[in-house]
Structures are given as C-alpha cells and as structure tokens.
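Visitor: Hey, dropping target23.csv in here, CSV, C-alpha atoms:
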```csv
chain,number,residue,atom,x,y,z
T,9,MET,CA,-44.0,-3.6,-13.7
T,10,ALA,CA,-40.5,-2.2,-12.8
T,11,LEU,CA,-37.9,-4.5,-11.4
T,12,PHE,CA,-37.0,-3.8,-7.8
T,13,LEU,CA,-33.4,-3.9,-6.8
T,14,GLY,CA,-32.7,-2.0,-3.7
T,15,ARG,CA,-30.8,-3.6,-0.8
T,16,GLN,CA,-29.7,-2.1,2.5
T,17,PRO,CA,-27.0,-3.9,4.5
T,18,ILE,CA,-27.5,-5.2,8.0
T,19,LEU,CA,-24.3,-5.6,10.0
T,20,ASP,CA,-23.4,-7.3,13.3
T,21,ARG,CA,-21.5,-5.9,16.3
T,22,HIS,CA,-18.2,-6.7,14.5
T,23,GLN,CA,-19.4,-4.8,11.4
T,24,LYS,CA,-19.6,-8.1,9.4
T,25,THR,CA,-22.5,-8.3,7.0
T,26,TYR,CA,-25.4,-10.4,8.4
T,27,GLY,CA,-27.9,-9.8,5.7
T,28,TYR,CA,-29.7,-7.2,3.5
T,29,GLU,CA,-33.2,-5.8,3.6
T,30,LEU,CA,-34.6,-6.0,0.1
T,31,LEU,CA,-36.2,-2.7,-0.8
T,32,PHE,CA,-39.2,-2.2,-3.1
T,33,ARG,CA,-41.4,0.7,-4.1
T,34,ASN,CA,-43.3,1.9,-1.1
T,35,GLY,CA,-44.7,5.4,-1.1
T,36,THR,CA,-43.4,7.2,-4.2
T,37,GLU,CA,-46.1,8.6,-6.4
T,38,ASN,CA,-45.4,6.1,-9.2
T,39,ALA,CA,-45.2,3.1,-6.9
T,40,PHE,CA,-47.4,0.2,-8.2
T,41,GLY,CA,-50.2,2.6,-9.1
T,42,ASN,CA,-52.4,2.4,-5.9
T,43,HIS,CA,-49.5,1.2,-3.8
T,44,ASP,CA,-50.5,-2.3,-2.9
T,45,PRO,CA,-48.1,-3.6,-0.3
T,46,ASP,CA,-49.1,-7.2,-0.9
T,47,GLN,CA,-48.2,-6.8,-4.6
T,48,ALA,CA,-45.0,-5.0,-3.7
T,49,THR,CA,-43.7,-7.9,-1.6
T,50,LEU,CA,-44.8,-10.5,-4.1
T,51,THR,CA,-42.9,-8.6,-6.7
T,52,VAL,CA,-39.8,-8.6,-4.5
T,53,ILE,CA,-40.1,-12.4,-4.0
T,54,ASP,CA,-40.7,-13.0,-7.7
T,55,ASN,CA,-37.8,-10.8,-8.8
T,56,SER,CA,-35.4,-12.2,-6.2
T,57,PHE,CA,-36.1,-15.9,-6.8
T,58,GLY,CA,-37.6,-16.0,-10.4
T,59,HIS,CA,-35.6,-13.4,-12.4
T,60,MET,CA,-32.3,-12.8,-10.7
T,61,GLY,CA,-31.7,-15.5,-8.2
T,62,LEU,CA,-31.5,-14.7,-4.5
T,63,ARG,CA,-27.8,-15.4,-4.2
T,64,LYS,CA,-27.0,-13.0,-6.9
T,65,VAL,CA,-28.8,-10.3,-5.0
T,66,THR,CA,-27.6,-11.1,-1.5
T,67,GLY,CA,-24.3,-12.9,-2.1
T,68,GLY,CA,-25.5,-15.7,0.2
T,69,LYS,CA,-26.4,-13.5,3.1
T,70,LYS,CA,-29.8,-13.4,4.8
T,71,ALA,CA,-32.5,-11.6,2.8
T,72,PHE,CA,-35.0,-9.6,5.0
T,73,ILE,CA,-38.3,-9.5,3.2
T,74,ASN,CA,-41.3,-7.5,4.4
T,75,PHE,CA,-44.5,-9.4,5.0
T,76,THR,CA,-48.0,-8.1,5.2
T,77,ARG,CA,-50.9,-9.7,7.1
T,78,MET,CA,-52.2,-11.4,4.0
T,79,LEU,CA,-48.9,-12.9,3.1
T,80,LEU,CA,-48.5,-14.2,6.6
T,81,VAL,CA,-51.9,-15.9,7.0
T,82,GLU,CA,-51.7,-17.3,3.4
T,83,ASP,CA,-48.4,-19.0,4.3
T,84,TYR,CA,-46.3,-17.4,1.6
T,85,GLY,CA,-43.3,-17.5,3.9
T,86,LEU,CA,-43.4,-21.3,4.0
T,87,LEU,CA,-42.5,-21.3,0.3
T,88,LEU,CA,-39.2,-19.5,0.9
T,89,PRO,CA,-36.0,-21.2,2.0
T,90,LYS,CA,-35.6,-20.9,5.8
T,91,ASP,CA,-31.8,-20.7,5.7
T,92,GLN,CA,-31.8,-17.7,3.3
T,93,VAL,CA,-34.8,-15.5,4.3
T,94,VAL,CA,-35.9,-13.5,7.3
T,95,ILE,CA,-39.6,-12.9,7.5
T,96,GLU,CA,-40.0,-9.3,8.5
T,97,VAL,CA,-43.5,-8.6,9.9
T,98,LEU,CA,-44.5,-5.1,9.0
T,99,GLU,CA,-45.3,-2.6,11.8
T,100,GLY,CA,-48.9,-2.2,10.8
T,101,VAL,CA,-49.7,-5.9,11.2
T,102,GLU,CA,-51.9,-6.5,14.3
T,103,PRO,CA,-51.1,-9.6,16.3
T,104,ASP,CA,-54.5,-11.3,16.0
T,105,ALA,CA,-55.1,-15.0,16.3
T,106,GLU,CA,-54.6,-15.7,12.6
T,107,VAL,CA,-51.3,-13.8,12.5
T,108,ILE,CA,-50.0,-15.5,15.6
T,109,ALA,CA,-51.0,-18.9,14.2
T,110,ALA,CA,-49.2,-18.1,10.9
T,111,CYS,CA,-46.0,-17.1,12.7
T,112,ARG,CA,-46.2,-20.2,14.8
T,113,ARG,CA,-46.2,-22.3,11.6
T,114,LEU,CA,-43.2,-20.3,10.4
T,115,LYS,CA,-41.4,-20.8,13.7
T,116,ASP,CA,-42.1,-24.6,13.7
T,117,SER,CA,-40.7,-24.8,10.2
T,118,GLY,CA,-37.5,-23.2,11.3
T,119,HIS,CA,-37.9,-19.8,9.7
T,120,THR,CA,-36.4,-16.6,11.2
T,121,ILE,CA,-38.9,-14.0,12.1
T,122,ALA,CA,-38.4,-10.3,12.7
T,123,LEU,CA,-40.7,-7.5,13.9
T,124,ASP,CA,-40.3,-4.3,11.9
T,125,ASP,CA,-40.3,-0.8,13.5
T,126,PHE,CA,-41.4,-2.3,16.8
T,127,GLN,CA,-43.0,-0.3,19.6
T,128,TYR,CA,-44.1,-2.4,22.5
T,129,ARG,CA,-47.7,-2.9,23.4
T,130,PRO,CA,-48.9,-5.8,25.8
T,131,GLU,CA,-51.0,-7.4,23.0
T,132,TYR,CA,-47.8,-8.2,21.2
T,133,ASP,CA,-46.6,-10.6,23.9
T,134,PRO,CA,-47.9,-13.8,22.2
T,135,LEU,CA,-46.1,-12.7,19.0
T,136,ILE,CA,-42.9,-11.8,20.8
T,137,GLU,CA,-42.6,-15.3,22.0
T,138,LEU,CA,-42.2,-16.5,18.4
T,139,VAL,CA,-39.8,-13.9,17.0
T,140,ASP,CA,-36.0,-14.0,16.7
T,141,LEU,CA,-35.3,-10.3,16.0
T,142,ILE,CA,-36.9,-7.0,16.9
T,143,LYS,CA,-36.1,-3.9,14.8
T,144,VAL,CA,-36.1,-0.5,16.5
T,145,ASP,CA,-36.1,2.7,14.5
T,146,LEU,CA,-33.6,5.3,15.9
T,147,SER,CA,-35.4,8.1,14.1
T,148,VAL,CA,-38.6,7.7,16.2
T,149,THR,CA,-37.2,6.2,19.5
T,150,ASP,CA,-35.5,8.4,22.1
T,151,GLU,CA,-32.6,7.4,24.3
T,152,ALA,CA,-34.9,6.2,27.1
T,153,GLY,CA,-36.9,4.1,24.7
T,154,LEU,CA,-33.8,2.5,23.2
T,155,ARG,CA,-32.5,1.5,26.6
T,156,ALA,CA,-36.0,0.3,27.8
T,157,MET,CA,-36.0,-2.1,24.8
T,158,VAL,CA,-32.7,-3.6,25.9
T,159,ARG,CA,-33.8,-4.0,29.5
T,160,LYS,CA,-37.1,-5.7,28.4
T,161,PHE,CA,-35.5,-8.3,26.2
T,162,ALA,CA,-32.1,-8.8,28.0
T,163,SER,CA,-33.3,-12.1,29.5
T,164,THR,CA,-34.5,-13.5,26.1
T,165,LYS,CA,-32.8,-14.9,23.1
T,166,ILE,CA,-34.3,-12.1,20.9
T,167,GLY,CA,-31.7,-10.1,19.0
T,168,LEU,CA,-32.3,-6.3,18.8
T,169,LEU,CA,-31.7,-4.6,15.5
T,170,ALA,CA,-31.2,-0.9,15.4
T,171,GLU,CA,-32.5,0.8,12.2
T,172,ARG,CA,-31.6,4.2,10.7
T,173,VAL,CA,-28.1,4.0,12.1
T,174,GLU,CA,-26.7,6.8,10.0
T,175,SER,CA,-23.5,7.8,11.8
T,176,LEU,CA,-20.6,6.1,13.5
T,177,ASP,CA,-21.6,7.8,16.7
T,178,ASP,CA,-25.1,6.2,16.4
T,179,PHE,CA,-23.5,2.8,15.9
T,180,GLU,CA,-21.2,3.1,19.0
T,181,ARG,CA,-24.0,4.4,21.1
T,182,VAL,CA,-26.5,1.6,20.5
T,183,LYS,CA,-23.8,-1.0,20.4
T,184,GLU,CA,-22.9,0.1,24.0
T,185,MET,CA,-26.5,-0.2,25.0
T,186,GLY,CA,-26.6,-3.9,23.9
T,187,TYR,CA,-28.0,-3.9,20.4
T,188,THR,CA,-26.9,-6.8,18.2
T,189,TYR,CA,-27.5,-5.8,14.6
T,190,PHE,CA,-27.4,-2.5,12.8
T,191,GLN,CA,-29.0,-1.2,9.7
T,192,GLY,CA,-28.1,2.0,7.9
T,193,TYR,CA,-25.2,3.5,6.1
T,194,PHE,CA,-23.1,4.5,9.2
T,195,PHE,CA,-20.2,2.5,7.9
T,196,SER,CA,-20.0,4.3,4.6
T,197,ARG,CA,-20.3,7.9,5.8
T,198,PRO,CA,-17.0,9.8,5.5
T,199,VAL,CA,-15.3,10.1,8.9
T,200,VAL,CA,-12.2,12.3,8.5
T,201,LEU,CA,-9.3,11.2,10.8
T,202,SER,CA,-8.3,13.9,13.2
T,203,SER,CA,-4.6,13.2,12.7
T,204,GLU,CA,-2.8,14.5,9.6
T,205,ARG,CA,-0.5,11.6,9.8
T,206,VAL,CA,-1.3,9.0,7.1
T,207,PRO,CA,-0.8,5.3,7.9
T,208,LYS,CA,2.0,3.7,6.0
T,209,SER,CA,-0.4,1.4,4.1
T,210,SER,CA,-2.4,4.4,3.0
T,211,VAL,CA,0.8,6.1,1.7
T,212,ALA,CA,1.5,3.1,-0.5
T,213,THR,CA,-2.1,3.0,-1.6
T,214,LEU,CA,-2.0,6.6,-2.7
T,215,GLN,CA,1.3,6.2,-4.5
T,216,LEU,CA,0.0,3.2,-6.4
T,217,LEU,CA,-3.2,4.9,-7.3
T,218,ARG,CA,-1.3,7.9,-8.6
T,219,ALA,CA,0.9,5.6,-10.7
T,220,ILE,CA,-1.8,3.5,-12.3
T,221,ASN,CA,-4.0,6.5,-13.1
T,222,ASP,CA,-1.2,8.6,-14.6
T,223,PRO,CA,-1.8,9.1,-18.4
T,224,LYS,CA,1.9,8.2,-18.8
T,225,PHE,CA,1.4,4.9,-17.1
T,226,ASP,CA,4.8,3.6,-15.9
T,227,LEU,CA,4.8,-0.2,-15.3
T,228,GLU,CA,8.2,0.0,-13.7
T,229,GLU,CA,7.1,2.6,-11.2
T,230,ALA,CA,4.1,0.5,-10.3
T,231,GLU,CA,6.3,-2.5,-9.7
T,232,LYS,CA,8.6,-0.5,-7.4
T,233,ILE,CA,5.7,0.7,-5.3
T,234,ILE,CA,4.3,-2.8,-4.9
T,235,LYS,CA,7.7,-4.3,-4.1
T,236,ARG,CA,8.0,-1.9,-1.2
T,237,ASP,CA,4.8,-3.1,0.5
T,238,PRO,CA,4.7,-6.9,1.2
T,239,ASN,CA,0.9,-6.6,1.8
T,240,LEU,CA,0.4,-5.2,-1.7
T,241,THR,CA,2.6,-7.8,-3.2
T,242,MET,CA,0.8,-10.7,-1.6
T,243,LYS,CA,-2.6,-9.3,-2.6
T,244,LEU,CA,-1.6,-8.7,-6.2
T,245,LEU,CA,-0.2,-12.2,-6.6
T,246,ARG,CA,-3.3,-13.7,-5.0
T,247,TYR,CA,-5.5,-11.8,-7.4
T,248,VAL,CA,-3.6,-12.8,-10.5
T,249,ASN,CA,-3.5,-16.4,-9.5
T,250,SER,CA,-7.2,-16.5,-8.8
T,251,VAL,CA,-9.7,-18.1,-11.1
T,252,GLY,CA,-11.7,-14.9,-10.9
T,253,ILE,CA,-9.6,-13.2,-13.6
T,254,GLY,CA,-9.3,-16.2,-15.9
T,255,LEU,CA,-5.5,-16.7,-15.9
T,256,SER,CA,-4.3,-20.3,-16.0
T,257,ALA,CA,-0.5,-19.5,-15.8
T,258,GLN,CA,1.1,-19.4,-12.4
T,259,VAL,CA,2.6,-16.1,-11.6
T,260,GLU,CA,6.3,-16.0,-11.0
T,261,GLY,CA,6.7,-12.5,-9.7
T,262,ILE,CA,5.4,-8.9,-9.7
T,263,ARG,CA,6.7,-8.1,-13.2
T,264,HIS,CA,5.2,-11.3,-14.6
T,265,ALA,CA,1.9,-10.6,-12.8
T,266,LEU,CA,1.7,-7.1,-14.3
T,267,ALA,CA,2.6,-8.3,-17.7
T,268,LEU,CA,-0.2,-11.0,-17.6
T,269,LEU,CA,-2.8,-8.4,-16.6
T,270,GLY,CA,-2.0,-5.8,-19.1
T,271,GLU,CA,-2.4,-2.0,-18.7
T,272,LYS,CA,-6.2,-1.9,-18.8
T,273,ASN,CA,-6.7,-4.7,-16.2
T,274,ILE,CA,-3.8,-3.4,-14.0
T,275,ARG,CA,-5.8,-0.2,-13.5
T,276,LYS,CA,-9.0,-2.0,-12.6
T,277,TRP,CA,-7.5,-4.8,-10.4
T,278,ALA,CA,-4.9,-2.7,-8.7
T,279,THR,CA,-7.6,-0.2,-7.7
T,280,LEU,CA,-9.6,-2.9,-6.1
T,281,LEU,CA,-6.5,-4.3,-4.5
T,282,VAL,CA,-5.2,-1.1,-2.9
T,283,LEU,CA,-8.6,0.1,-1.7
T,284,ASN,CA,-9.1,-3.1,0.1
T,285,THR,CA,-5.6,-2.9,1.6
T,286,ALA,CA,-6.5,0.5,2.9
T,287,LEU,CA,-9.6,-0.7,4.6
T,288,ASP,CA,-7.7,-2.2,7.6
T,289,ASP,CA,-10.5,-2.8,10.2
T,290,ARG,CA,-13.3,-1.2,8.3
T,291,PRO,CA,-16.3,-3.3,7.4
T,292,ALA,CA,-15.9,-5.7,4.4
T,293,GLU,CA,-19.3,-4.3,3.3
T,294,LEU,CA,-17.7,-1.0,2.5
T,295,MET,CA,-15.4,-2.7,0.0
T,296,ARG,CA,-18.3,-4.6,-1.4
T,297,GLN,CA,-20.2,-1.4,-1.8
T,298,ALA,CA,-17.3,0.3,-3.6
T,299,ILE,CA,-17.0,-2.6,-6.0
T,300,VAL,CA,-20.7,-2.6,-6.8
T,301,ARG,CA,-20.5,1.1,-7.6
T,302,GLY,CA,-17.5,0.6,-9.8
T,303,ARG,CA,-19.0,-2.3,-11.8
T,304,PHE,CA,-22.4,-0.7,-12.0
T,305,CYS,CA,-21.0,2.6,-13.4
T,306,GLU,CA,-18.8,0.6,-15.8
T,307,LEU,CA,-21.9,-1.2,-17.1
T,308,LEU,CA,-23.7,2.1,-17.5
T,309,ALA,CA,-21.4,3.1,-20.4
T,310,GLY,CA,-23.9,1.8,-22.9
T,311,PRO,CA,-27.2,3.2,-21.4
T,312,PHE,CA,-25.5,6.6,-20.9
T,313,ASN,CA,-24.0,6.6,-24.4
T,314,LEU,CA,-20.4,6.8,-23.0
T,315,MET,CA,-18.8,4.2,-25.3
T,316,ASN,CA,-15.2,3.5,-24.7
T,317,LYS,CA,-15.4,5.3,-21.3
T,318,ASP,CA,-16.2,2.1,-19.3
T,319,GLN,CA,-12.8,2.1,-17.6
T,320,GLU,CA,-13.1,5.7,-16.4
T,321,LEU,CA,-16.6,5.0,-15.2
T,322,PHE,CA,-15.3,2.0,-13.2
T,323,MET,CA,-12.7,4.3,-11.6
T,324,VAL,CA,-15.3,7.0,-10.8
T,325,GLY,CA,-17.7,4.5,-9.1
T,326,ILE,CA,-15.1,2.7,-7.0
T,327,LEU,CA,-13.2,5.9,-6.1
T,328,SER,CA,-16.4,7.6,-5.0
T,329,LEU,CA,-15.9,6.0,-1.6
T,330,LEU,CA,-12.2,6.8,-1.4
T,331,ASP,CA,-12.7,9.5,1.3
T,332,THR,CA,-14.6,7.1,3.5
T,333,ILE,CA,-12.1,4.3,3.0
T,334,LEU,CA,-9.0,6.4,3.7
T,335,GLY,CA,-10.6,8.8,6.3
T,336,ARG,CA,-9.5,11.9,4.4
T,337,PRO,CA,-11.3,14.7,2.6
T,338,MET,CA,-12.0,14.0,-1.1
T,339,ALA,CA,-10.6,17.4,-2.1
T,340,ARG,CA,-7.2,16.5,-0.4
T,341,LEU,CA,-7.1,13.1,-2.0
T,342,LEU,CA,-7.7,14.4,-5.4
T,343,GLU,CA,-4.6,16.5,-5.0
T,344,GLU,CA,-2.6,13.4,-4.4
T,345,ILE,CA,-3.7,11.1,-7.2
T,346,SER,CA,-3.6,11.6,-10.9
T,347,VAL,CA,-7.0,11.1,-12.6
T,348,SER,CA,-8.6,12.6,-15.7
T,349,THR,CA,-10.4,15.9,-15.5
T,350,ALA,CA,-13.8,14.2,-16.0
T,351,ILE,CA,-13.1,11.8,-13.1
T,352,GLN,CA,-12.0,14.6,-10.9
T,353,ALA,CA,-15.1,16.6,-11.7
T,354,ALA,CA,-17.4,13.7,-10.9
T,355,LEU,CA,-15.6,12.9,-7.6
T,356,SER,CA,-15.8,16.6,-6.6
T,357,GLY,CA,-19.6,16.4,-7.0
T,358,ARG,CA,-19.7,18.7,-10.1
T,359,GLU,CA,-22.4,18.0,-12.7
T,360,SER,CA,-21.3,15.7,-15.4
T,361,PRO,CA,-22.3,12.4,-17.2
T,362,TYR,CA,-19.9,10.5,-15.0
T,363,ARG,CA,-21.4,12.0,-11.9
T,364,ASP,CA,-24.9,11.0,-13.1
T,365,CYS,CA,-23.8,7.4,-13.1
T,366,VAL,CA,-22.5,7.6,-9.5
T,367,ASP,CA,-25.7,9.4,-8.4
T,368,LEU,CA,-27.8,6.6,-10.0
T,369,ALA,CA,-25.8,4.0,-8.0
T,370,ILE,CA,-26.4,5.9,-4.8
T,371,ALA,CA,-30.1,6.1,-5.6
T,372,PHE,CA,-30.3,2.4,-5.8
T,373,GLU,CA,-28.5,2.0,-2.5
T,374,SER,CA,-31.0,4.3,-0.8
T,375,GLY,CA,-34.1,3.2,-2.6
T,376,ASP,CA,-34.8,6.5,-4.2
T,377,TRP,CA,-37.2,5.2,-6.8
T,378,GLN,CA,-38.3,8.6,-8.1
T,379,PHE,CA,-34.7,9.5,-9.0
T,380,ILE,CA,-34.2,6.1,-10.7
T,381,ALA,CA,-37.4,6.4,-12.7
T,382,ALA,CA,-36.5,9.9,-13.8
T,383,SER,CA,-32.9,8.8,-14.8
T,384,ALA,CA,-34.3,5.8,-16.8
T,385,THR,CA,-36.6,8.1,-18.7
T,386,ARG,CA,-33.9,10.7,-19.4
T,387,ILE,CA,-31.5,8.2,-20.9
T,388,GLY,CA,-34.1,6.1,-22.8
T,389,ALA,CA,-33.7,3.0,-20.6
T,390,THR,CA,-36.1,1.1,-18.4
T,391,GLU,CA,-36.0,0.6,-14.7
T,392,LYS,CA,-36.0,-3.1,-15.3
T,393,SER,CA,-32.9,-2.9,-17.5
T,394,LEU,CA,-31.1,-0.8,-14.9
T,395,GLY,CA,-32.1,-3.3,-12.2
T,396,ARG,CA,-30.6,-6.1,-14.2
T,397,ILE,CA,-27.4,-4.2,-14.6
T,398,LEU,CA,-27.2,-3.7,-10.9
T,399,ALA,CA,-27.9,-7.4,-10.3
T,400,GLU,CA,-24.9,-8.2,-12.4
T,401,ALA,CA,-22.8,-5.7,-10.4
T,402,PHE,CA,-24.0,-7.3,-7.2
T,403,GLN,CA,-22.9,-10.8,-8.4
T,404,TRP,CA,-19.5,-9.5,-9.6
T,405,ALA,CA,-18.8,-7.7,-6.4
T,406,ASP,CA,-19.8,-10.6,-4.2
T,407,GLU,CA,-17.4,-12.9,-6.1
T,408,LEU,CA,-14.6,-10.4,-5.3
T,409,ALA,CA,-15.3,-9.1,-1.8
T,410,PRO,CA,-14.1,-9.4,0.8
T,411,VAL,CA,-10.7,-9.5,-0.9
```
Translate the structure described by the file into structure tokens.
Guide:
Amino acid sequence: MALFLGRQPILDRHQKTYGYELLFRNGTENAFGNHDPDQATLTVIDNSFGHMGLRKVTGGKKAFINFTRMLLVEDYGLLLPKDQVVIEVLEGVEPDAEVIAACRRLKDSGHTIALDDFQYRPEYDPLIELVDLIKVDLSVTDEAGLRAMVRKFASTKIGLLAERVESLDDFERVKEMGYTYFQGYFFSRPVVLSSERVPKSSVATLQLLRAINDPKFDLEEAEKIIKRDPNLTMKLLRYVNSVGIGLSAQVEGIRHALALLGEKNIRKWATLLVLNTALDDRPAELMRQAIVRGRFCELLAGPFNLMNKDQELFMVGILSLLDTILGRPMARLLEEISVSTAIQAALSGRESPYRDCVDLAIAFESGDWQFIAASATRIGATEKSLGRILAEAFQWADELAPV
C-alpha cells in the first residue's frame, strides 16, 4: 500500500501554524481499492507513528487525523498521544450513544476533539458538549450560515475553524466574523502589491539573489550587499554559527562566514536567508513551505535522473514561491534576478523536468494522489519512495524554519 504524506496547514488568527491535517487517499479511483475509510485512517496512523515519526511529519505541531465511527467506538484514539493529535470526527459519523460514549472517553483522557465539515442539527447537541473545535467549510456554507455559527458558539469555549480558506479576502472576512483557526492555502497565494515601490529589505533581497545566482559569482559583491543591510548581516552570521550547518568555528565577520560556507552552500543558505528576511509579517508557514519545496525538489535529482542538478532543483523549488513572498509578479522578478535558462523556464510555468519536480511538490501539498501516482509511474519510482523523500524534506525544513 502506498505511503500517504499529504499535510495541509492550519493557522491561527495571527497566521501562526497551529497544526496540520494529515491527508490520505480518499476518493481517487486508485485509492485503497474499494476505498475503505477505516483502513485509510489506520494507514495514516501507521505511517505517521510507525514509519516516519509524527514529529518528522508535523514539526511538533498538532496532527489532525480523521476518525470514522468504527475507530471512535473501538477507542483507537486513546492509543494516540493527547498532546500531539486532534481527533477529527468525520461529517458522516452519526452522534449515537456509542459515538458519544467514545468521545466522552477521549475527553476524559484529555484529548482534543474536532467536528469535521459541521452543519448543525439538534441531535448533535450531546456531542457538541464534548468537542473543542468545529470545522466549517466555506465552500458549502453561505455568509449567513458562517455568521450563524459564530453566534451559536460565541458563549462557549469551542473554537471555530474555517476550512477551504483559499484567498486573503476569505481569511480577513471570516477572521472578522470571529473564527479562530483557518485551513487552506490563502497564505501562499500570490497577492501582488498595488504599489510599485519595493520595500528596502526587498531591494537588498533581490540584489543578493542576483549576485548569488550569477554564473560569474562574485564573492566580493555578495559581501558588499550583505554589509549594507544589518538584518542580512545578522541572519547570515546566525546561520553560519548554528549547529544546523555543521560548522564548529566561530565566525569573525561576513568575509569569514562566506569563506566557511563555500560557493555551493552560499547559494543555498543565502537563498533561505534572504527569502525569510523578505517575509516581514507574512506567516512563518510560508517560509516553511518554500523550504520544503526546495529540499524536496533537490532530493528528486535521483528519481528524475537529473544528477548534478540538485542545486538548481533546490533553487527552483524554493524560488517557486518568490512571487508570493515578495508580492510581485513572477515575470517581473525574473527580470531582476539572474538564474539559468532552465530555472527561468520552470518558474515561468513552462514544461520542463525542473517544472515537473515543482508540480510534484505542489501535488503533495494539495493531496492530488492521481498526479502523484502518475508521476511515480512515469519516472519509475514508487509512491512510498516519494513519500519518504518528502518526509525528509519536512524534517529538514522544520529544523530551519522559522529562521
């Protein structure tokens, strides 16, 4: 059976990452044969805890795991750590006596319980008394319904989680209503700034990106740019002094730092550094997502038979969110930084092996299992091997972000 590895972020009102819903095959034509939802969730649990380790998948954040009626009444939830997991009761589970008793046992044990895709009916009242979170799907709930949910639960301690929040406008709208948590990719959709004026930090960012990606890499030019921006200087020195890059020597200055890193690592680490600097008040999850893409694409060099192209693949993956991070059109940004023709083609959306790697990363983010299966077949890999590569990228990213 293929290894699941989709995760969708859940953010709080301050756009800080609260947790991830762990995604599994649920409805594609090749999903577990007859599509057994009990088996699907058991596979999620087995893979998360047995094969990869939950912290590797979630970076220590809450893991939202869907629970069917059978899994609830058989007390599978009691086997999971209460501080790491949110038990998400699927929308098709009827609140009969056995289900309510099972949820009461979970509540008494200190577990967090959420109701998925909730639409109120009076018979849910005994179950509502036991839950901590209620998820409301924006795609099937109108404005009046969204506000009615806020009014109904305003006097309780239940947190409302808005699902399918796919734009910044959606986020601001339901946040104003009183929703507490938000699920969707609103934070990673490109929002082009109306002003043509570029913030000073973004100017330095673009200048450094140009310098480190120029085929005629000039160490002295990179040093000059970093010296002009105290924030870049601080972050570069912090990176090089960190145990994360395995350097034992204390860094004495920018030139020393760059010399210790070497040209190959300068390109990688400086890209992470400047993109994070450019985020300003954007969610840390956006940086984490960019790092995951970069590392995942880098590790795909072998499966895609792109040997010796790992550094370019890293750049493609992490720069694929550059328009979102800087709030500027990708086409305009590509005029301002120097990257190879292959990277430029991939970032422009043109068909290429590099672009295939980015598209595979995006497929995992959205849980597009059909695309993943087709890609695995095309390159002679397995879904399990691709899942393990992504697990490694998750772990690497969560060790780095937020910077």
Visitor: Measuring between all atoms listed in the file, which one of T:Val107, T:Val81, T:Ile299, T:Ala265 shows the shortest distance to Leu398 in chain T?
Guide: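 For Leu398 in chain T, the nearest of the given residues is T:Ile299.
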Visitor: Can you pull out every residue within 8 Å of range 364-368 of chain T, counting all atoms listed in the file, but drop anything in the same chain fewer than 5 positions away, and send it as a list in words?
Guide: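 Everything that qualifies: Arg301, Cys305, Leu308, Leu321, Val324, Gly325, Ser328, Glu359, Phe379, Ile380 and Ser383 of chain T.
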Visitor: Within 9 Å of range 177-189 of chain T, counting only C-alpha atoms, which residues show up once you throw out same-chain ones fewer than 3 positions away? Write them as a PyMOL selection string, please.
Guide: chain T and resi 18-21+23+26+143+146+154-155+158+162+167-174+194-195
Visitor: So that I can check the surroundings of range 115-124 of chain T, please list as a list in words every protein, DNA and RNA residue that reaches within 7 Å of it, counting only C-alpha atoms and ignoring chain neighbours fewer than 4 positions away.
Guide: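 Using only C-alpha atoms, the neighbours found are Lys90, Val94, Ile95, Glu96, Val97, Leu98, Glu99, Cys111, Leu138, Val139, Asp140, Leu141, Ile142 and Lys143 of chain T.
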Visitor: So the first atom is CA of Thr349 in chain T and the second is CA of Ile326 in chain T; what is the distance between them in Å, to one decimal place?
Guide: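 Separation between CA of Thr349 in chain T and CA of Ile326 in chain T: 16.4 Å.
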Visitor: Can you tell me, as a VMD selection string, what residues are no more than 12 Å from Lys272 in chain T when counting all atoms listed in the file, ignoring any on the same chain fewer than 2 positions away?
Guide: chain T and resid 220 to 221 223 225 227 266 to 270 274 to 279 317 to 320 322 to 323
Visitor: For Asp222 in chain T, please output as a PyMOL selection string all residues within 12 Å (counting only C-alpha atoms; exclusion window: fewer than 4 positions along the same chain).
Guide: chain T and resi 215-218+226-227+229-230+271+275+344-349
Visitor: So, counting only C-alpha atoms, which residue among T:Phe372, T:Tyr84, T:Phe161, T:Phe402 is closest to Arg303 in chain T?
Guide: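 Closest candidate: T:Phe402.
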Visitor: CA of Met338 in chain T and CA of Gly14 in chain T, how far apart in Å?
Guide: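 Distance reported for this atom pair: 26.3 Å.
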Visitor: Between T:Met315, T:Ala109, T:Leu307, T:Ala384, which has the minimum distance to Ala371 in chain T (counting all atoms listed in the file)?
Guide: T:Ala384
Visitor: Counting all atoms listed in the file, note down every residue that has an atom within 8 Å of the point (-18.0, -7.6, -5.4) (file coordinates), as a list in words.
Guide: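 Residues satisfying the cut-off, written out: Met295, Arg296, Gln297, Ile299, Val300, Ala401, Phe402, Gln403, Trp404, Ala405, Asp406, Glu407, Leu408, Ala409 and Pro410 of chain T.
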Visitor: Could you check which of T:Arg15, T:Ser196, T:Lys392, T:Leu31 is closest to Ser175 in chain T, using only C-alpha atoms?
Guide: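 Closest candidate: T:Ser196.
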Visitor: Smallest atom-to-atom distance to Asp133 in chain T: which of T:Ile387, T:Ala156, T:Ile262, T:Ile108, using only C-alpha atoms?
Guide: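 Answer, going by the shortest atom-to-atom distance: T:Ile108.
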Visitor: Report the distance between CA of Ala71 in chain T and CA of Asp104 in chain T in Å, rounded to one decimal place.
Guide: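 For CA of Ala71 in chain T relative to CA of Asp104 in chain T, the distance reads 25.7 Å.
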Visitor: In terms of the shortest atom-to-atom distance over only C-alpha atoms, which of T:Glu293, T:Glu400, T:Asp145, T:Asp91 is closest to Ile333 in chain T?
Guide: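 So, comparing all the options, the nearest one is T:Glu293.
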